[in-house]
Amino acid sequence: MEDVHQAVREKYGAIAEAVRKSSTNTGCCGPTACGCSDPITSDLYSDSETGDLPVEAVLASLGCGNPTALLALQPGQTVLDLGSGGGIDVLLSAKRVGPTGKAYGLDMTDEMLALARENQRRAGATNVEFLKGTIESIPLPDNSVDVIISNCVINLSSDKDKVLREAFRVLKPNGRFAVSDVIVRGEVPPDVLHSMELWVGCIAGALEETVYATKLRAAGFTDVEVEPWRIYKIDDARAFLSEAGVDVERLAPEVEGKFASAFIRARKPETKSCCGPECCSS
Ligand SMILES: C[S@@+](CC[C@H](N)C(=O)[O-])C[C@H]1O[C@@H](n2cnc3c(N)ncnc32)[C@H](O)[C@@H]1O
């Protein structure tokens, strides 16, 4: 896992630095997967959502969905964003939970945390805290969070079971898991999977959709839903794959419809209250 963490830190540390520099001059992009027009990260948020966020937070958006749109956040709730990057989803959540609520971002890359904290300061958000740590070992107590969000991060982890168990642990009973992630649909040959994961940037691999659901249930979640919403086409990845020396025509039939961004929802069940000796012993 340490090797994967190191690779992720290097990749996202460099992107955070590039965003910090580019935002002061050109106002846009530079590094791959940095907003502009790539088919994974583009058009995820409405103008009304991003309108009053710091431009640097919007430029640093590296997600593959909008997890804050997956469920209605209530004033006073505590939200945790796993792999918060430049902080866009944390800042959006903070507005929805209001001054009596709290939005935590968790990230292990120092440069991303620095960027996120700058964005917090620019946004004037006082109900926000960015924590340093890994999503495999969340630095929060049991039963302390109402909603977990995450945007294109769990596919980067080499121990997804551990991430899901940790998410379950820190959620309060009846707490919600509402995540955006890249998934694979059905069987894909390993070399195709590898090429497409390079394109998507899934360092440790995207989960197949039924496997994702099975892992969530194994961690204890109920009401599990995996809903693909943006299905990628070979043309989306053509330029990247050709440049990487991949025979795109050979790959095409294996790729169409097999890779998608998905919304993943689940719930931590209520704990049963003990009503007497019979139900406790059953
Ligand atoms: C693809 S970016 C997504 C950032 C953000 N969620 C967004 O939508 O813009 C992935 C982020 O997750 C962080 N990350 C990846 N793996 C992590 C792990 N195992 N623990 C903590 N942070 C991680 C990276 O440092 C990076 O900031």
# chains A, B, ... in the order shown; residues from 1 in each chain; ligands from 1
call {"tool": "residues_near_ligand", "arguments": {"ligand": "ligand 1", "cutoff": "6 Å", "atoms": "only C-alpha atoms and all ligand atoms", "output": "list of chain:residue names"}}
result
A:Val8, A:Arg9, A:Tyr12, A:Ala60, A:Ser61, A:Leu62, A:Gly63, A:Gly83, A:Ser84, A:Gly85, A:Gly86, A:Asp107, A:Met108, A:Thr109, A:Met112, A:Gly133, A:Thr134, A:Ile135, A:Ser150, A:Asn151, A:Cys152, A:Val153, A:Leu156, A:Ser157
call {"tool": "residues_around", "arguments": {"residues": "range 183-195 of chain A", "least_positions_apart": "2", "cutoff": "8 Å", "atoms": "only C-alpha atoms", "output": "ChimeraX atom specification"}}
result
/A:155,181,197-199,206-209,228,241,246,251,254-255,257-262
call {"tool": "closest_residue", "arguments": {"among": "A:Asp142, A:Asp43, A:Asp89, A:Asp236", "to": "Asn119 in chain A", "atoms": "only C-alpha atoms"}}
result
A:Asp89
call {"tool": "residues_around", "arguments": {"residues": "Glu118 in chain A", "least_positions_apart": "4", "cutoff": "12 Å", "atoms": "only C-alpha atoms", "output": "list in words"}}
result
Ala16, Arg20, Pro54, Val55, Glu56, Ala57, Ala60, Gly85, Gly86, Gly87, Ile88, Leu91, Glu111, Met112, Leu113, Ala114, Arg122, Ala123, Gly124, Ala125, Val128, Glu129 and Phe130 of chain A
call {"tool": "write_last_selection", "arguments": {"atoms": "all heavy atoms", "output": "compact mmCIF listing (two decimals), in the first residue's frame"}}
result
# COMPACT_ATOMS: atom_id res chain seq x y z
N ALA A 16 -1.52 19.67 -7.71
CA ALA A 16 -1.87 20.79 -6.81
C ALA A 16 -0.94 21.98 -7.05
O ALA A 16 -1.41 23.13 -7.13
CB ALA A 16 -1.78 20.33 -5.35
N ARG A 20 -2.00 25.72 -8.44
CA ARG A 20 -1.68 26.96 -7.70
C ARG A 20 -0.97 27.95 -8.61
O ARG A 20 -1.25 29.14 -8.58
CB ARG A 20 -0.81 26.64 -6.49
CG ARG A 20 -1.62 26.02 -5.37
CD ARG A 20 -0.73 25.46 -4.31
NE ARG A 20 -0.49 26.40 -3.24
CZ ARG A 20 0.30 26.13 -2.20
NH1 ARG A 20 0.90 24.98 -2.12
NH2 ARG A 20 0.47 27.01 -1.27
N PRO A 54 -14.17 29.98 -4.66
CA PRO A 54 -12.91 30.52 -5.21
C PRO A 54 -12.56 29.81 -6.51
O PRO A 54 -12.74 28.59 -6.62
CB PRO A 54 -11.88 30.17 -4.12
CG PRO A 54 -12.65 29.83 -2.91
CD PRO A 54 -14.01 29.39 -3.34
N VAL A 55 -12.07 30.56 -7.49
CA VAL A 55 -11.77 29.99 -8.80
C VAL A 55 -10.75 28.86 -8.67
O VAL A 55 -10.81 27.85 -9.38
CB VAL A 55 -11.33 31.10 -9.79
CG1 VAL A 55 -10.00 31.71 -9.38
CG2 VAL A 55 -11.22 30.57 -11.20
N GLU A 56 -9.83 28.98 -7.71
CA GLU A 56 -8.80 27.95 -7.53
C GLU A 56 -9.42 26.62 -7.09
O GLU A 56 -8.90 25.56 -7.42
CB GLU A 56 -7.76 28.39 -6.48
CG GLU A 56 -6.92 29.58 -6.90
CD GLU A 56 -7.61 30.93 -6.69
OE1 GLU A 56 -8.78 30.96 -6.25
OE2 GLU A 56 -6.97 31.97 -6.98
N ALA A 57 -10.51 26.68 -6.33
CA ALA A 57 -11.17 25.44 -5.89
C ALA A 57 -11.83 24.77 -7.08
O ALA A 57 -11.83 23.53 -7.21
CB ALA A 57 -12.20 25.74 -4.80
N ALA A 60 -9.22 23.21 -9.39
CA ALA A 60 -8.59 22.03 -8.82
C ALA A 60 -9.52 20.83 -8.80
O ALA A 60 -9.15 19.78 -8.31
CB ALA A 60 -8.12 22.33 -7.40
N GLY A 85 -8.85 16.62 -2.03
CA GLY A 85 -8.16 17.39 -3.06
C GLY A 85 -8.16 18.87 -2.76
O GLY A 85 -7.86 19.30 -1.63
N GLY A 86 -8.50 19.69 -3.77
CA GLY A 86 -8.52 21.14 -3.59
C GLY A 86 -9.72 21.65 -2.81
O GLY A 86 -9.83 22.85 -2.55
N GLY A 87 -10.62 20.75 -2.45
CA GLY A 87 -11.67 21.09 -1.48
C GLY A 87 -13.03 21.48 -2.05
O GLY A 87 -13.92 21.89 -1.30
N ILE A 88 -13.24 21.31 -3.37
CA ILE A 88 -14.50 21.81 -3.95
C ILE A 88 -15.73 21.19 -3.28
O ILE A 88 -16.67 21.91 -2.91
CB ILE A 88 -14.52 21.60 -5.50
CG1 ILE A 88 -15.77 22.24 -6.10
CG2 ILE A 88 -14.40 20.13 -5.89
CD1 ILE A 88 -15.75 22.37 -7.61
N LEU A 91 -16.27 22.51 0.34
CA LEU A 91 -16.81 23.88 0.41
C LEU A 91 -18.30 23.89 0.03
O LEU A 91 -19.10 24.60 0.66
CB LEU A 91 -16.00 24.82 -0.49
CG LEU A 91 -14.53 24.99 -0.07
CD1 LEU A 91 -13.78 25.88 -1.06
CD2 LEU A 91 -14.41 25.56 1.34
N GLU A 111 0.54 18.97 -0.56
CA GLU A 111 0.29 20.09 -1.48
C GLU A 111 -1.22 20.29 -1.69
O GLU A 111 -1.68 21.43 -1.84
CB GLU A 111 0.96 19.83 -2.83
CG GLU A 111 2.48 19.78 -2.77
CD GLU A 111 3.04 18.39 -2.44
OE1 GLU A 111 2.29 17.54 -1.90
OE2 GLU A 111 4.23 18.15 -2.71
N MET A 112 -1.97 19.19 -1.72
CA MET A 112 -3.44 19.32 -1.87
C MET A 112 -4.04 19.94 -0.63
O MET A 112 -4.95 20.78 -0.71
CB MET A 112 -4.08 17.95 -2.12
CG MET A 112 -4.08 17.52 -3.55
SD MET A 112 -5.06 18.63 -4.61
CE MET A 112 -4.81 17.83 -6.18
N LEU A 113 -3.54 19.52 0.55
CA LEU A 113 -4.06 20.10 1.79
C LEU A 113 -3.78 21.60 1.84
O LEU A 113 -4.63 22.39 2.25
CB LEU A 113 -3.43 19.39 3.00
CG LEU A 113 -3.97 17.98 3.26
CD1 LEU A 113 -3.05 17.23 4.21
CD2 LEU A 113 -5.38 18.03 3.83
N ALA A 114 -2.58 22.00 1.38
CA ALA A 114 -2.24 23.43 1.38
C ALA A 114 -3.17 24.19 0.45
O ALA A 114 -3.70 25.26 0.81
CB ALA A 114 -0.78 23.62 0.95
N ARG A 122 -9.98 31.62 1.22
CA ARG A 122 -10.59 32.51 0.21
C ARG A 122 -12.11 32.50 0.31
O ARG A 122 -12.77 33.50 0.08
CB ARG A 122 -10.20 32.04 -1.20
CG ARG A 122 -8.76 32.32 -1.54
CD ARG A 122 -8.50 31.93 -3.00
NE ARG A 122 -7.10 32.07 -3.30
CZ ARG A 122 -6.25 31.06 -3.45
NH1 ARG A 122 -6.68 29.82 -3.36
NH2 ARG A 122 -4.98 31.27 -3.70
N ALA A 123 -12.66 31.31 0.61
CA ALA A 123 -14.12 31.19 0.67
C ALA A 123 -14.67 31.72 1.99
O ALA A 123 -15.88 31.87 2.14
CB ALA A 123 -14.53 29.72 0.49
N GLY A 124 -13.79 31.94 2.96
CA GLY A 124 -14.25 32.41 4.28
C GLY A 124 -15.07 31.36 5.01
O GLY A 124 -15.96 31.69 5.80
N ALA A 125 -14.78 30.08 4.77
CA ALA A 125 -15.58 29.01 5.39
C ALA A 125 -15.03 28.67 6.77
O ALA A 125 -13.88 28.25 6.90
CB ALA A 125 -15.55 27.77 4.49
N VAL A 128 -15.30 24.40 8.33
CA VAL A 128 -14.55 23.44 7.50
C VAL A 128 -13.24 23.10 8.19
O VAL A 128 -12.60 23.97 8.80
CB VAL A 128 -14.26 24.08 6.11
CG1 VAL A 128 -13.14 23.35 5.38
CG2 VAL A 128 -15.52 24.10 5.27
N GLU A 129 -12.84 21.82 8.10
CA GLU A 129 -11.52 21.43 8.61
C GLU A 129 -10.92 20.39 7.66
O GLU A 129 -11.59 19.40 7.33
CB GLU A 129 -11.66 20.84 10.01
CG GLU A 129 -10.33 20.69 10.71
CD GLU A 129 -10.49 20.21 12.16
OE1 GLU A 129 -11.59 20.36 12.74
OE2 GLU A 129 -9.51 19.66 12.68
N PHE A 130 -9.70 20.66 7.22
CA PHE A 130 -9.00 19.68 6.38
C PHE A 130 -8.04 18.88 7.25
O PHE A 130 -7.20 19.46 7.95
CB PHE A 130 -8.27 20.39 5.23
CG PHE A 130 -9.23 20.92 4.20
CD1 PHE A 130 -9.60 22.25 4.19
CD2 PHE A 130 -9.82 20.05 3.27
CE1 PHE A 130 -10.52 22.74 3.27
CE2 PHE A 130 -10.74 20.53 2.35
CZ PHE A 130 -11.09 21.87 2.35
call {"tool": "closest_residue", "arguments": {"among": "A:Lys160, A:Pro99, A:Glu166, A:Ser180", "to": "Val211 in chain A", "atoms": "only C-alpha atoms"}}
result
A:Lys160
call {"tool": "select_by_dssp", "arguments": {"residues": "range 204-278 of chain A", "states": "helix (DSSP H, G or I)", "output": "MDAnalysis selection string"}}
result
chainID A and resid 209:218 234:243 248:255 277:278
call {"tool": "select_by_dssp", "arguments": {"residues": "range 45-222 of chain A", "states": "strand (DSSP E)", "output": "PyMOL selection string"}}
result
chain A and resi 78-82+102-107+128-132+145-151+171-184+207-208+222
call {"tool": "closest_atom_pairs", "arguments": {"of": "range 210-270 of chain A", "to": "range 171-177 of chain A", "cutoff": "8 Å", "atoms": "only C-alpha atoms", "output": "JSON lines"}}
result
{"residue": "A:Ile264", "atom": "CA", "partner": "A:Phe177", "partner_atom": "CA", "distance": 7.6}
{"residue": "A:Arg265", "atom": "CA", "partner": "A:Phe177", "partner_atom": "CA", "distance": 5.5}
{"residue": "A:Ala266", "atom": "CA", "partner": "A:Phe177", "partner_atom": "CA", "distance": 5.0}
{"residue": "A:Arg267", "atom": "CA", "partner": "A:Arg176", "partner_atom": "CA", "distance": 4.7}
{"residue": "A:Lys268", "atom": "CA", "partner": "A:Asn174", "partner_atom": "CA", "distance": 5.0}
{"residue": "A:Pro269", "atom": "CA", "partner": "A:Asn174", "partner_atom": "CA", "distance": 5.1}
{"residue": "A:Glu270", "atom": "CA", "partner": "A:Pro173", "partner_atom": "CA", "distance": 4.6}
call {"tool": "write_last_selection", "arguments": {"atoms": "all heavy atoms", "output": "compact mmCIF listing (two decimals), in the first residue's frame"}}
result
# COMPACT_ATOMS: atom_id res chain seq x y z
N ILE A 264 -22.54 6.03 -6.19
CA ILE A 264 -22.63 4.86 -5.31
C ILE A 264 -23.23 5.32 -3.99
O ILE A 264 -22.70 6.24 -3.35
CB ILE A 264 -21.24 4.22 -5.13
CG1 ILE A 264 -20.77 3.73 -6.50
CG2 ILE A 264 -21.27 3.07 -4.14
CD1 ILE A 264 -19.42 4.10 -6.86
N ARG A 265 -24.35 4.71 -3.65
CA ARG A 265 -25.04 5.11 -2.42
C ARG A 265 -25.20 3.91 -1.51
O ARG A 265 -25.43 2.79 -2.00
CB ARG A 265 -26.44 5.63 -2.73
CG ARG A 265 -26.51 6.86 -3.59
CD ARG A 265 -28.00 7.20 -3.80
NE ARG A 265 -28.20 8.34 -4.67
CZ ARG A 265 -28.26 8.27 -5.99
NH1 ARG A 265 -28.12 7.11 -6.62
NH2 ARG A 265 -28.48 9.37 -6.70
N ALA A 266 -25.12 4.13 -0.21
CA ALA A 266 -25.37 3.06 0.76
C ALA A 266 -25.70 3.71 2.10
O ALA A 266 -25.54 4.93 2.27
CB ALA A 266 -24.15 2.16 0.87
N ARG A 267 -26.15 2.88 3.03
CA ARG A 267 -26.55 3.41 4.36
C ARG A 267 -26.01 2.49 5.44
O ARG A 267 -26.00 1.26 5.27
CB ARG A 267 -28.09 3.44 4.41
CG ARG A 267 -28.66 4.14 5.61
CD ARG A 267 -30.19 4.29 5.44
NE ARG A 267 -30.87 3.01 5.40
CZ ARG A 267 -31.21 2.30 6.46
NH1 ARG A 267 -30.93 2.73 7.68
NH2 ARG A 267 -31.84 1.14 6.33
N LYS A 268 -25.58 3.09 6.54
CA LYS A 268 -25.23 2.28 7.71
C LYS A 268 -26.52 2.02 8.47
O LYS A 268 -27.23 2.97 8.82
CB LYS A 268 -24.24 3.05 8.60
CG LYS A 268 -23.84 2.30 9.86
CD LYS A 268 -22.68 3.00 10.56
CE LYS A 268 -22.31 2.36 11.86
NZ LYS A 268 -21.07 2.91 12.46
N PRO A 269 -26.85 0.76 8.73
CA PRO A 269 -28.14 0.50 9.38
C PRO A 269 -28.20 1.10 10.79
O PRO A 269 -27.17 1.30 11.42
CB PRO A 269 -28.23 -1.03 9.44
CG PRO A 269 -26.98 -1.55 8.88
CD PRO A 269 -26.08 -0.44 8.46
N GLU A 270 -29.42 1.34 11.24
CA GLU A 270 -29.64 1.75 12.63
C GLU A 270 -29.17 0.61 13.53
O GLU A 270 -29.38 -0.55 13.18
CB GLU A 270 -31.15 1.91 12.90
CG GLU A 270 -31.79 3.10 12.27
CD GLU A 270 -31.59 4.37 13.08
OE1 GLU A 270 -30.82 4.35 14.07
OE2 GLU A 270 -32.19 5.37 12.70
call {"tool": "atom_distance", "arguments": {"atom1": "CA of Asp47 in chain A", "atom2": "CA of Gln77 in chain A"}}
result
24.6 Å
